[in-house]
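Have a look at final.pdb below; it lists PDB, C-alpha atoms, pLDDT in the B column.
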ATOM      1  CA  MET A 296      -9.038  29.523 -25.541  1.00 87.00           C
ATOM      2  CA  THR A 297      -6.090  31.428 -27.013  1.00 97.00           C
ATOM      3  CA  TYR A 298      -5.854  35.129 -26.203  1.00 98.00           C
ATOM      4  CA  ARG A 299      -4.291  37.276 -28.927  1.00 98.00           C
ATOM      5  CA  LEU A 300      -2.279  39.841 -26.937  1.00 98.00           C
ATOM      6  CA  GLY A 301      -0.896  42.855 -28.787  1.00 98.00           C
ATOM      7  CA  PHE A 302       2.442  43.635 -27.102  1.00 98.00           C
ATOM      8  CA  LEU A 303       3.380  47.244 -27.879  1.00 98.00           C
ATOM      9  CA  LEU A 304       7.158  47.216 -27.526  1.00 98.00           C
ATOM     10  CA  CYS A 305       8.478  50.678 -26.660  1.00 98.00           C
ATOM     11  CA  ASP A 306      12.154  49.840 -26.077  1.00 97.00           C
ATOM     12  CA  HIS A 307      14.702  47.054 -26.140  1.00 95.00           C
ATOM     13  CA  ALA A 308      16.814  45.674 -23.306  1.00 91.00           C
ATOM     14  CA  PHE A 309      20.213  47.304 -22.942  1.00 90.00           C
ATOM     15  CA  GLU A 310      22.622  45.635 -25.356  1.00 89.00           C
ATOM     16  CA  ALA A 311      24.952  44.506 -22.558  1.00 86.00           C
ATOM     17  CA  LEU A 312      22.098  42.792 -20.699  1.00 88.00           C
ATOM     18  CA  GLU A 313      20.220  41.142 -23.560  1.00 89.00           C
ATOM     19  CA  PRO A 314      22.531  38.083 -23.889  1.00 89.00           C
ATOM     20  CA  ARG A 315      21.748  37.114 -20.278  1.00 89.00           C
ATOM     21  CA  TYR A 316      18.079  38.064 -20.030  1.00 89.00           C
ATOM     22  CA  GLY A 317      16.759  38.256 -23.581  1.00 91.00           C
ATOM     23  CA  ASP A 318      14.939  41.212 -25.076  1.00 95.00           C
ATOM     24  CA  TYR A 319      11.706  42.473 -23.516  1.00 96.00           C
ATOM     25  CA  PRO A 320       9.362  40.284 -25.603  1.00 97.00           C
ATOM     26  CA  GLU A 321      11.155  37.176 -24.319  1.00 96.00           C
ATOM     27  CA  MET A 322      11.247  38.505 -20.751  1.00 96.00           C
ATOM     28  CA  PHE A 323       7.514  39.282 -20.752  1.00 97.00           C
ATOM     29  CA  ALA A 324       6.579  35.952 -22.323  1.00 97.00           C
ATOM     30  CA  ASP A 325       8.648  34.085 -19.744  1.00 97.00           C
ATOM     31  CA  ALA A 326       7.212  36.087 -16.826  1.00 97.00           C
ATOM     32  CA  PHE A 327       3.590  35.663 -17.921  1.00 98.00           C
ATOM     33  CA  SER A 328       4.044  31.963 -18.697  1.00 97.00           C
ATOM     34  CA  ALA A 329       3.736  31.445 -14.927  1.00 95.00           C
ATOM     35  CA  VAL A 330       0.273  33.028 -15.094  1.00 96.00           C
ATOM     36  CA  SER A 331      -1.287  31.645 -18.291  1.00 97.00           C
ATOM     37  CA  ASP A 332      -0.565  29.309 -21.172  1.00 96.00           C
ATOM     38  CA  THR A 333      -3.259  30.829 -23.393  1.00 97.00           C
ATOM     39  CA  ILE A 334      -1.399  33.964 -24.567  1.00 98.00           C
ATOM     40  CA  ASN A 335      -0.532  34.332 -28.247  1.00 98.00           C
ATOM     41  CA  TRP A 336       1.990  37.212 -28.213  1.00 98.00           C
ATOM     42  CA  GLN A 337       1.712  39.595 -31.164  1.00 98.00           C
ATOM     43  CA  VAL A 338       4.728  41.916 -30.953  1.00 98.00           C
ATOM     44  CA  TYR A 339       4.612  45.392 -32.480  1.00 98.00           C
ATOM     45  CA  ASP A 340       7.901  47.311 -32.294  1.00 98.00           C
ATOM     46  CA  VAL A 341       6.447  50.771 -31.781  1.00 98.00           C
ATOM     47  CA  THR A 342       9.943  52.327 -31.874  1.00 97.00           C
ATOM     48  CA  LYS A 343      10.084  51.260 -35.541  1.00 97.00           C
ATOM     49  CA  GLY A 344       6.650  52.653 -36.323  1.00 97.00           C
ATOM     50  CA  GLU A 345       4.814  49.342 -35.974  1.00 98.00           C
ATOM     51  CA  LEU A 346       1.253  49.522 -34.681  1.00 98.00           C
ATOM     52  CA  PRO A 347      -1.778  47.283 -35.303  1.00 98.00           C
ATOM     53  CA  ALA A 348      -3.672  48.176 -38.481  1.00 97.00           C
ATOM     54  CA  ALA A 349      -6.877  48.283 -36.425  1.00 98.00           C
ATOM     55  CA  VAL A 350      -7.815  48.129 -32.752  1.00 98.00           C
ATOM     56  CA  SER A 351      -9.690  44.902 -33.515  1.00 98.00           C
ATOM     57  CA  ALA A 352      -6.443  43.151 -34.563  1.00 98.00           C
ATOM     58  CA  CYS A 353      -5.978  41.768 -31.030  1.00 98.00           C
ATOM     59  CA  ASP A 354      -8.084  40.780 -28.036  1.00 98.00           C
ATOM     60  CA  GLY A 355      -6.237  43.245 -25.814  1.00 98.00           C
ATOM     61  CA  TYR A 356      -3.025  45.226 -25.522  1.00 99.00           C
ATOM     62  CA  LEU A 357      -0.060  45.515 -23.168  1.00 98.00           C
ATOM     63  CA  ILE A 358       2.405  48.428 -23.400  1.00 98.00           C
ATOM     64  CA  SER A 359       5.982  47.882 -22.230  1.00 98.00           C
ATOM     65  CA  GLY A 360       8.301  50.122 -20.299  1.00 97.00           C
ATOM     66  CA  SER A 361      10.934  52.286 -21.973  1.00 97.00           C
ATOM     67  CA  ARG A 362      14.041  54.324 -21.231  1.00 95.00           C
ATOM     68  CA  HIS A 363      12.262  57.167 -23.065  1.00 96.00           C
ATOM     69  CA  GLY A 364       9.745  59.632 -21.649  1.00 96.00           C
ATOM     70  CA  ALA A 365       6.115  60.127 -22.612  1.00 97.00           C
ATOM     71  CA  GLY A 366       6.904  63.730 -23.556  1.00 95.00           C
ATOM     72  CA  ASP A 367      10.045  63.025 -25.590  1.00 96.00           C
ATOM     73  CA  ALA A 368      10.138  64.401 -29.129  1.00 97.00           C
ATOM     74  CA  LEU A 369      10.282  61.008 -30.844  1.00 98.00           C
ATOM     75  CA  ALA A 370       8.423  60.296 -34.074  1.00 98.00           C
ATOM     76  CA  TRP A 371       6.744  57.122 -32.741  1.00 98.00           C
ATOM     77  CA  ILE A 372       5.230  58.648 -29.585  1.00 98.00           C
ATOM     78  CA  PRO A 373       2.352  60.712 -31.113  1.00 98.00           C
ATOM     79  CA  PRO A 374       1.037  57.720 -33.131  1.00 98.00           C
ATOM     80  CA  LEU A 375       1.240  55.568 -29.991  1.00 98.00           C
ATOM     81  CA  LYS A 376      -0.789  58.124 -28.021  1.00 98.00           C
ATOM     82  CA  ALA A 377      -3.351  58.256 -30.815  1.00 98.00           C
ATOM     83  CA  PHE A 378      -3.613  54.461 -30.816  1.00 98.00           C
ATOM     84  CA  VAL A 379      -4.086  54.437 -27.040  1.00 98.00           C
ATOM     85  CA  GLN A 380      -6.964  56.874 -27.455  1.00 98.00           C
ATOM     86  CA  GLN A 381      -8.531  54.607 -30.086  1.00 98.00           C
ATOM     87  CA  VAL A 382      -8.180  51.522 -27.876  1.00 98.00           C
ATOM     88  CA  VAL A 383      -9.775  53.275 -24.906  1.00 98.00           C
ATOM     89  CA  ALA A 384     -12.592  54.678 -27.054  1.00 98.00           C
ATOM     90  CA  ALA A 385     -13.282  51.165 -28.349  1.00 98.00           C
ATOM     91  CA  ASP A 386     -13.368  49.686 -24.799  1.00 98.00           C
ATOM     92  CA  LYS A 387     -10.674  47.207 -25.806  1.00 98.00           C
ATOM     93  CA  PRO A 388      -8.669  45.870 -22.816  1.00 98.00           C
ATOM     94  CA  LEU A 389      -5.416  47.791 -22.334  1.00 98.00           C
ATOM     95  CA  ALA A 390      -2.682  47.733 -19.694  1.00 98.00           C
ATOM     96  CA  GLY A 391       0.624  49.578 -19.449  1.00 98.00           C
ATOM     97  CA  LEU A 392       3.694  49.121 -17.257  1.00 98.00           C
ATOM     98  CA  CYS A 393       6.035  51.962 -16.229  1.00 98.00           C
ATOM     99  CA  PHE A 394       6.390  54.002 -19.456  1.00 98.00           C
ATOM    100  CA  GLY A 395       3.291  52.186 -20.696  1.00 98.00           C
ATOM    101  CA  HIS A 396       1.398  53.429 -17.630  1.00 98.00           C
ATOM    102  CA  GLN A 397       2.664  56.962 -18.231  1.00 98.00           C
ATOM    103  CA  ILE A 398       1.858  56.986 -21.955  1.00 98.00           C
ATOM    104  CA  ILE A 399      -1.747  55.954 -21.279  1.00 98.00           C
ATOM    105  CA  GLY A 400      -2.050  58.735 -18.727  1.00 98.00           C
ATOM    106  CA  ALA A 401      -0.495  61.305 -21.067  1.00 98.00           C
ATOM    107  CA  ALA A 402      -2.633  60.204 -24.032  1.00 98.00           C
ATOM    108  CA  LEU A 403      -5.784  60.701 -21.961  1.00 98.00           C
ATOM    109  CA  GLY A 404      -4.838  64.153 -20.674  1.00 98.00           C
ATOM    110  CA  GLY A 405      -2.746  63.475 -17.560  1.00 98.00           C
ATOM    111  CA  LEU A 406       0.571  65.140 -16.723  1.00 98.00           C
ATOM    112  CA  VAL A 407       3.821  63.132 -16.798  1.00 98.00           C
ATOM    113  CA  ARG A 408       7.025  64.727 -15.496  1.00 96.00           C
ATOM    114  CA  ARG A 409      10.161  63.949 -13.496  1.00 95.00           C
ATOM    115  CA  ALA A 410       9.086  62.771 -10.044  1.00 92.00           C
ATOM    116  CA  PRO A 411       9.555  65.468  -7.365  1.00 90.00           C
ATOM    117  CA  ALA A 412      10.776  62.761  -4.977  1.00 89.00           C
ATOM    118  CA  GLY A 413      13.432  61.568  -7.447  1.00 93.00           C
ATOM    119  CA  TRP A 414      14.291  58.083  -8.632  1.00 95.00           C
ATOM    120  CA  GLY A 415      12.262  55.036  -7.738  1.00 95.00           C
ATOM    121  CA  ILE A 416      14.442  51.932  -8.048  1.00 97.00           C
ATOM    122  CA  GLY A 417      14.609  48.544  -6.375  1.00 97.00           C
ATOM    123  CA  VAL A 418      11.699  46.842  -4.624  1.00 97.00           C
ATOM    124  CA  GLN A 419       9.222  49.250  -3.033  1.00 97.00           C
ATOM    125  CA  THR A 420       5.958  48.951  -1.103  1.00 98.00           C
ATOM    126  CA  TYR A 421       2.536  50.294  -2.138  1.00 98.00           C
ATOM    127  CA  GLU A 422      -0.799  50.519  -0.332  1.00 98.00           C
ATOM    128  CA  VAL A 423      -3.947  49.238  -2.039  1.00 98.00           C
ATOM    129  CA  LEU A 424      -6.609  51.956  -1.893  1.00 98.00           C
ATOM    130  CA  GLU A 425      -9.415  50.252  -3.774  1.00 97.00           C
ATOM    131  CA  THR A 426     -10.043  46.659  -4.827  1.00 96.00           C
ATOM    132  CA  SER A 427     -11.829  45.058  -7.778  1.00 96.00           C
ATOM    133  CA  PRO A 428     -12.756  41.424  -8.539  1.00 95.00           C
ATOM    134  CA  TRP A 429      -9.813  41.038 -10.940  1.00 97.00           C
ATOM    135  CA  MET A 430      -7.348  42.000  -8.165  1.00 97.00           C
ATOM    136  CA  MET A 431      -6.848  38.413  -7.019  1.00 94.00           C
ATOM    137  CA  PRO A 432      -5.105  37.487  -4.816  1.00 93.00           C
ATOM    138  CA  GLN A 433      -6.473  40.252  -2.610  1.00 94.00           C
ATOM    139  CA  LEU A 434      -3.741  42.345  -1.018  1.00 97.00           C
ATOM    140  CA  THR A 435      -3.865  45.342   1.310  1.00 97.00           C
ATOM    141  CA  ALA A 436      -0.305  46.261   0.276  1.00 98.00           C
ATOM    142  CA  PHE A 437       2.287  44.836  -2.089  1.00 98.00           C
ATOM    143  CA  LYS A 438       5.960  45.036  -3.003  1.00 98.00           C
ATOM    144  CA  VAL A 439       7.165  45.122  -6.609  1.00 98.00           C
ATOM    145  CA  PRO A 440      10.351  46.044  -8.519  1.00 97.00           C
ATOM    146  CA  VAL A 441      10.489  49.572  -9.956  1.00 97.00           C
ATOM    147  CA  CYS A 442      12.912  51.601 -12.069  1.00 96.00           C
ATOM    148  CA  HIS A 443      11.740  55.085 -13.036  1.00 96.00           C
ATOM    149  CA  GLN A 444      12.433  58.803 -12.872  1.00 96.00           C
ATOM    150  CA  ASP A 445       9.192  60.046 -14.424  1.00 97.00           C
ATOM    151  CA  GLN A 446       5.748  59.698 -12.896  1.00 97.00           C
ATOM    152  CA  LEU A 447       2.149  60.413 -13.747  1.00 98.00           C
ATOM    153  CA  LEU A 448       1.728  63.502 -11.555  1.00 97.00           C
ATOM    154  CA  THR A 449      -1.822  64.513 -12.508  1.00 97.00           C
ATOM    155  CA  LEU A 450      -4.553  62.018 -13.359  1.00 98.00           C
ATOM    156  CA  PRO A 451      -6.703  62.461 -16.465  1.00 98.00           C
ATOM    157  CA  ALA A 452     -10.412  63.052 -15.980  1.00 97.00           C
ATOM    158  CA  GLY A 453     -12.296  59.998 -14.763  1.00 97.00           C
ATOM    159  CA  ALA A 454      -9.217  58.040 -13.653  1.00 98.00           C
ATOM    160  CA  ARG A 455      -9.206  56.210 -10.301  1.00 98.00           C
ATOM    161  CA  ARG A 456      -6.149  55.647  -8.127  1.00 98.00           C
ATOM    162  CA  LEU A 457      -6.027  52.007  -6.962  1.00 98.00           C
ATOM    163  CA  ALA A 458      -2.613  51.811  -5.250  1.00 98.00           C
ATOM    164  CA  SER A 459      -0.228  54.436  -3.962  1.00 98.00           C
ATOM    165  CA  SER A 460       2.842  55.354  -1.924  1.00 98.00           C
ATOM    166  CA  ALA A 461       4.304  58.599  -0.604  1.00 96.00           C
ATOM    167  CA  HIS A 462       6.933  58.444  -3.353  1.00 96.00           C
ATOM    168  CA  CYS A 463       4.505  57.550  -6.161  1.00 97.00           C
ATOM    169  CA  PRO A 464       0.897  58.537  -5.379  1.00 97.00           C
ATOM    170  CA  ASN A 465      -0.473  57.330  -8.752  1.00 98.00           C
ATOM    171  CA  PHE A 466       1.179  53.914  -8.814  1.00 98.00           C
ATOM    172  CA  VAL A 467      -1.796  51.830 -10.018  1.00 98.00           C
ATOM    173  CA  VAL A 468      -4.483  53.686 -11.932  1.00 98.00           C
ATOM    174  CA  ARG A 469      -7.660  52.560 -13.652  1.00 98.00           C
ATOM    175  CA  PHE A 470      -7.944  55.136 -16.420  1.00 98.00           C
ATOM    176  CA  ALA A 471     -11.168  53.800 -17.904  1.00 98.00           C
ATOM    177  CA  PRO A 472     -13.305  50.658 -17.486  1.00 97.00           C
ATOM    178  CA  HIS A 473     -10.848  48.656 -19.620  1.00 98.00           C
ATOM    179  CA  ALA A 474      -7.590  50.668 -19.271  1.00 98.00           C
ATOM    180  CA  LEU A 475      -5.100  50.002 -16.464  1.00 98.00           C
ATOM    181  CA  GLY A 476      -1.669  51.405 -15.660  1.00 98.00           C
ATOM    182  CA  ILE A 477       0.965  50.162 -13.186  1.00 98.00           C
ATOM    183  CA  GLN A 478       4.166  52.129 -12.612  1.00 98.00           C
ATOM    184  CA  GLY A 479       6.135  49.029 -11.577  1.00 97.00           C
ATOM    185  CA  HIS A 480       7.857  46.109 -13.295  1.00 98.00           C
ATOM    186  CA  PRO A 481       6.327  42.815 -12.112  1.00 98.00           C
ATOM    187  CA  GLU A 482       7.938  41.207 -15.156  1.00 97.00           C
ATOM    188  CA  PHE A 483      11.551  41.970 -14.102  1.00 96.00           C
ATOM    189  CA  PRO A 484      13.683  39.289 -12.384  1.00 92.00           C
ATOM    190  CA  ALA A 485      15.569  40.602  -9.343  1.00 92.00           C
ATOM    191  CA  ALA A 486      18.927  39.936 -11.033  1.00 93.00           C
ATOM    192  CA  PHE A 487      17.907  42.134 -13.954  1.00 94.00           C
ATOM    193  CA  VAL A 488      16.940  44.967 -11.587  1.00 94.00           C
ATOM    194  CA  ALA A 489      20.331  44.595  -9.884  1.00 95.00           C
ATOM    195  CA  GLU A 490      22.022  45.153 -13.226  1.00 94.00           C
ATOM    196  CA  LEU A 491      19.826  48.178 -13.900  1.00 95.00           C
ATOM    197  CA  ILE A 492      21.000  49.625 -10.583  1.00 95.00           C
ATOM    198  CA  ASP A 493      24.590  49.092 -11.764  1.00 94.00           C
ATOM    199  CA  THR A 494      23.753  50.697 -15.126  1.00 93.00           C
ATOM    200  CA  PHE A 495      22.261  53.844 -13.579  1.00 93.00           C
ATOM    201  CA  GLU A 496      24.495  54.066 -10.509  1.00 94.00           C
ATOM    202  CA  ASP A 497      26.266  57.259 -11.619  1.00 93.00           C
ATOM    203  CA  GLU A 498      22.877  58.994 -12.039  1.00 93.00           C
ATOM    204  CA  LEU A 499      21.519  57.938  -8.643  1.00 94.00           C
ATOM    205  CA  PRO A 500      21.872  60.061  -5.495  1.00 93.00           C
ATOM    206  CA  PRO A 501      24.384  58.909  -2.843  1.00 93.00           C
ATOM    207  CA  GLY A 502      23.129  56.008  -0.782  1.00 95.00           C
ATOM    208  CA  LEU A 503      20.295  55.024  -3.108  1.00 95.00           C
ATOM    209  CA  PRO A 504      22.193  52.281  -5.012  1.00 95.00           C
ATOM    210  CA  SER A 505      23.035  50.434  -1.791  1.00 96.00           C
ATOM    211  CA  ARG A 506      19.465  50.758  -0.466  1.00 96.00           C
ATOM    212  CA  ALA A 507      18.042  49.608  -3.795  1.00 96.00           C
ATOM    213  CA  ARG A 508      20.341  46.570  -3.892  1.00 96.00           C
ATOM    214  CA  ALA A 509      19.403  45.660  -0.310  1.00 96.00           C
ATOM    215  CA  SER A 510      15.704  45.807  -1.215  1.00 97.00           C
ATOM    216  CA  LEU A 511      16.152  43.099  -3.849  1.00 95.00           C
ATOM    217  CA  GLY A 512      16.545  40.525  -1.095  1.00 93.00           C
ATOM    218  CA  GLU A 513      12.916  41.081  -0.064  1.00 89.00           C
ATOM    219  CA  ALA A 514      10.142  38.814  -1.316  1.00 93.00           C
ATOM    220  CA  HIS A 515       7.797  40.710  -3.626  1.00 95.00           C
ATOM    221  CA  HIS A 516       4.406  40.312  -5.267  1.00 97.00           C
ATOM    222  CA  GLY A 517       5.366  40.402  -8.936  1.00 97.00           C
ATOM    223  CA  LEU A 518       3.530  37.142  -9.659  1.00 96.00           C
ATOM    224  CA  ALA A 519       0.379  38.414  -7.959  1.00 96.00           C
ATOM    225  CA  LEU A 520       0.452  41.615 -10.042  1.00 98.00           C
ATOM    226  CA  ARG A 521       0.915  39.602 -13.225  1.00 97.00           C
ATOM    227  CA  HIS A 522      -2.270  37.733 -12.262  1.00 97.00           C
ATOM    228  CA  TRP A 523      -4.011  41.087 -11.772  1.00 98.00           C
ATOM    229  CA  ILE A 524      -2.920  42.275 -15.220  1.00 98.00           C
ATOM    230  CA  ALA A 525      -3.961  39.056 -16.955  1.00 98.00           C
ATOM    231  CA  ARG A 526      -7.344  38.964 -15.227  1.00 97.00           C
ATOM    232  CA  PHE A 527      -7.947  42.644 -16.018  1.00 98.00           C
ATOM    233  CA  LEU A 528      -7.233  41.996 -19.697  1.00 98.00           C
ATOM    234  CA  GLY A 529      -9.563  38.988 -19.710  1.00 98.00           C
ATOM    235  CA  ILE A 530      -6.859  36.345 -20.087  1.00 98.00           C
ATOM    236  CA  ALA A 531      -7.614  32.901 -18.655  1.00 95.00           C
ATOM    237  CA  THR A 532      -5.177  32.299 -15.793  1.00 95.00           C
ATOM    238  CA  ARG A 533      -3.854  29.401 -13.778  1.00 87.00           C
ATOM    239  CA  ASP A 534      -4.736  29.065 -10.098  1.00 80.00           C
ATOM    240  CA  VAL A 535      -4.355  32.348  -8.255  1.00 70.00           C
ATOM    241  CA  PRO A 536      -1.350  32.407  -5.886  1.00 69.00           C
ATOM    242  CA  MET A 537      -2.086  32.838  -2.184  1.00 62.00           C
ATOM    243  CA  SER A 538      -0.056  36.079  -2.021  1.00 59.00           C
TER     244      SER A 538
END
Just give me the structure as structure tokens.
Amino acid sequence: MTYRLGFLLCDHAFEALEPRYGDYPEMFADAFSAVSDTINWQVYDVTKGELPAAVSACDGYLISGSRHGAGDALAWIPPLKAFVQQVVAADKPLAGLCFGHQIIGAALGGLVRRAPAGWGIGVQTYEVLETSPWMMPQLTAFKVPVCHQDQLLTLPAGARRLASSAHCPNFVVRFAPHALGIQGHPEFPAAFVAELIDTFEDELPPGLPSRARASLGEAHHGLALRHWIARFLGIATRDVPMS
């Protein structure tokens, strides 16, 4: 059965990278094609003021990452926060990645700021604190690509931390029964992350670019996390990977 997924697009790929990797809608569709062939992607460019006319327009929603911050003074951010609140109030399935994770947290009363520990970039490891049936394959820890300066520092009321690290304590958060946030980028190919490291190199502290590039040689669990996201949203998936 087809799943109508509302993809809330909060940025576009850097112009220099788009010819090689496509824009984010193409990147997400390609990444999740390994998980399910039932997704009907409905793209809303939130940066242009596009939002669904009603929460009921889609079966569930996925919010992309962004170079912008949840607290930036941009005209499209307050309507996005309001829509997030409506989706959560309606118990409609919702997931957010990186900025999407942060915007859900901010919309529900959490605090998003620059991370005290600085940049997170490359492939990093996170400990699973709590499991749920949709978190298949089951993992006690996982590695996933990340690229962020901001973090959700304080959880909103009722939120549960599901995965964590010393650098990013609130890495995976279940905000409400049907609202999930993940600070990482399981949709990013390693080559794309390598180019992001190049893009931000002048902003990164000494030594971090080389460590981040070295981490990209490690196997990671991006596919497993994409299965988690799809299962959480209620999307029919292919066979669950072993790890």
Quiz prompt | Atom pair CA of Gln478 in chain A / CA of His396 in chain A: separation (Å) | solution = 5.9 Å
Self-check item: Explicit residues for the PyMOL selection byres ((chain A and resi 421) around 12) (as JSON, numbers by chain)
Solution: {"A": [418, 419, 420, 422, 423, 424, 434, 435, 436, 437, 438, 439, 440, 441, 456, 457, 458, 459, 460, 461, 462, 463, 464, 465, 466, 467, 477, 478, 479, 515, 516, 520]}
Practice problem: Go through the shown structure with the PyMOL selection byres ((chain A and resi 427) around 12) and write out the matching residues as a ChimeraX atom specification. | Solution: /A:423-426,428-434,455,457-458,469,472,523-524,526-527
Practice problem: Please write as JSON, numbers by chain the full residue list that the PyMOL selection byres ((chain A and resi 340) around 9) yields on this file. | Solution: {"A": [302, 303, 304, 305, 306, 338, 339, 341, 342, 343, 344, 345, 346]}
Quiz item: A:Ile416, A:Leu499, A:Ala454, A:Ala329: which is nearest Leu511 in chain A, counting only C-alpha atoms?
Solution: A:Ile416
Exercise. Within 10 Å of Glu482 in chain A, counting all atoms listed in the file, which residues show up once you throw out same-chain ones fewer than 5 positions away? Write them as JSON, numbers by chain, please.
Key: {"A": [319, 322, 323, 324, 325, 326, 327, 359, 392, 439, 440, 517, 518, 520, 521]}
Reconstruct N, CA and C atoms of range 303-322 of chain A; output as an mmCIF file, in the coordinates of the input.
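And here is the file that came out, part18.cif:
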data_model
loop_
_atom_site.group_PDB
_atom_site.id
_atom_site.type_symbol
_atom_site.label_atom_id
_atom_site.label_comp_id
_atom_site.auth_asym_id
_atom_site.auth_seq_id
_atom_site.Cartn_x
_atom_site.Cartn_y
_atom_site.Cartn_z
ATOM 1 N N LEU A 303 2.845 46.020 -27.277
ATOM 2 C CA LEU A 303 3.380 47.244 -27.879
ATOM 3 C C LEU A 303 4.738 47.516 -27.266
ATOM 4 N N LEU A 304 5.777 47.164 -27.998
ATOM 5 C CA LEU A 304 7.158 47.216 -27.526
ATOM 6 C C LEU A 304 7.718 48.622 -27.719
ATOM 7 N N CYS A 305 8.055 49.279 -26.612
ATOM 8 C CA CYS A 305 8.478 50.678 -26.660
ATOM 9 C C CYS A 305 9.962 50.861 -26.367
ATOM 10 N N ASP A 306 10.711 49.780 -26.308
ATOM 11 C CA ASP A 306 12.154 49.840 -26.077
ATOM 12 C C ASP A 306 12.706 48.433 -26.219
ATOM 13 N N HIS A 307 14.023 48.340 -26.156
ATOM 14 C CA HIS A 307 14.702 47.054 -26.140
ATOM 15 C C HIS A 307 15.618 47.014 -24.923
ATOM 16 N N ALA A 308 15.900 45.808 -24.434
ATOM 17 C CA ALA A 308 16.814 45.674 -23.306
ATOM 18 C C ALA A 308 18.181 46.252 -23.680
ATOM 19 N N PHE A 309 18.866 46.790 -22.688
ATOM 20 C CA PHE A 309 20.213 47.304 -22.942
ATOM 21 C C PHE A 309 21.055 46.208 -23.577
ATOM 22 N N GLU A 310 21.862 46.604 -24.563
ATOM 23 C CA GLU A 310 22.622 45.635 -25.356
ATOM 24 C C GLU A 310 23.488 44.732 -24.483
ATOM 25 N N ALA A 311 24.073 45.298 -23.425
ATOM 26 C CA ALA A 311 24.952 44.506 -22.558
ATOM 27 C C ALA A 311 24.191 43.467 -21.752
ATOM 28 N N LEU A 312 22.885 43.691 -21.536
ATOM 29 C CA LEU A 312 22.098 42.792 -20.699
ATOM 30 C C LEU A 312 21.323 41.748 -21.500
ATOM 31 N N GLU A 313 21.074 42.029 -22.761
ATOM 32 C CA GLU A 313 20.220 41.142 -23.560
ATOM 33 C C GLU A 313 20.743 39.714 -23.653
ATOM 34 N N PRO A 314 22.086 39.486 -23.796
ATOM 35 C CA PRO A 314 22.531 38.083 -23.889
ATOM 36 C C PRO A 314 22.157 37.246 -22.673
ATOM 37 N N ARG A 315 22.052 37.866 -21.501
ATOM 38 C CA ARG A 315 21.748 37.114 -20.278
ATOM 39 C C ARG A 315 20.252 37.019 -19.993
ATOM 40 N N TYR A 316 19.491 38.011 -20.417
ATOM 41 C CA TYR A 316 18.079 38.064 -20.030
ATOM 42 C C TYR A 316 17.120 38.031 -21.211
ATOM 43 N N GLY A 317 17.626 38.165 -22.420
ATOM 44 C CA GLY A 317 16.759 38.256 -23.581
ATOM 45 C C GLY A 317 16.217 39.662 -23.734
ATOM 46 N N ASP A 318 15.576 39.916 -24.864
ATOM 47 C CA ASP A 318 14.939 41.212 -25.076
ATOM 48 C C ASP A 318 13.599 41.203 -24.343
ATOM 49 N N TYR A 319 12.937 42.357 -24.292
ATOM 50 C CA TYR A 319 11.706 42.473 -23.516
ATOM 51 C C TYR A 319 10.600 41.516 -23.962
ATOM 52 N N PRO A 320 10.409 41.261 -25.254
ATOM 53 C CA PRO A 320 9.362 40.284 -25.603
ATOM 54 C C PRO A 320 9.593 38.918 -24.958
ATOM 55 N N GLU A 321 10.852 38.459 -24.940
ATOM 56 C CA GLU A 321 11.155 37.176 -24.319
ATOM 57 C C GLU A 321 10.956 37.241 -22.803
ATOM 58 N N MET A 322 11.378 38.349 -22.195
ATOM 59 C CA MET A 322 11.247 38.505 -20.751
ATOM 60 C C MET A 322 9.779 38.508 -20.327
#
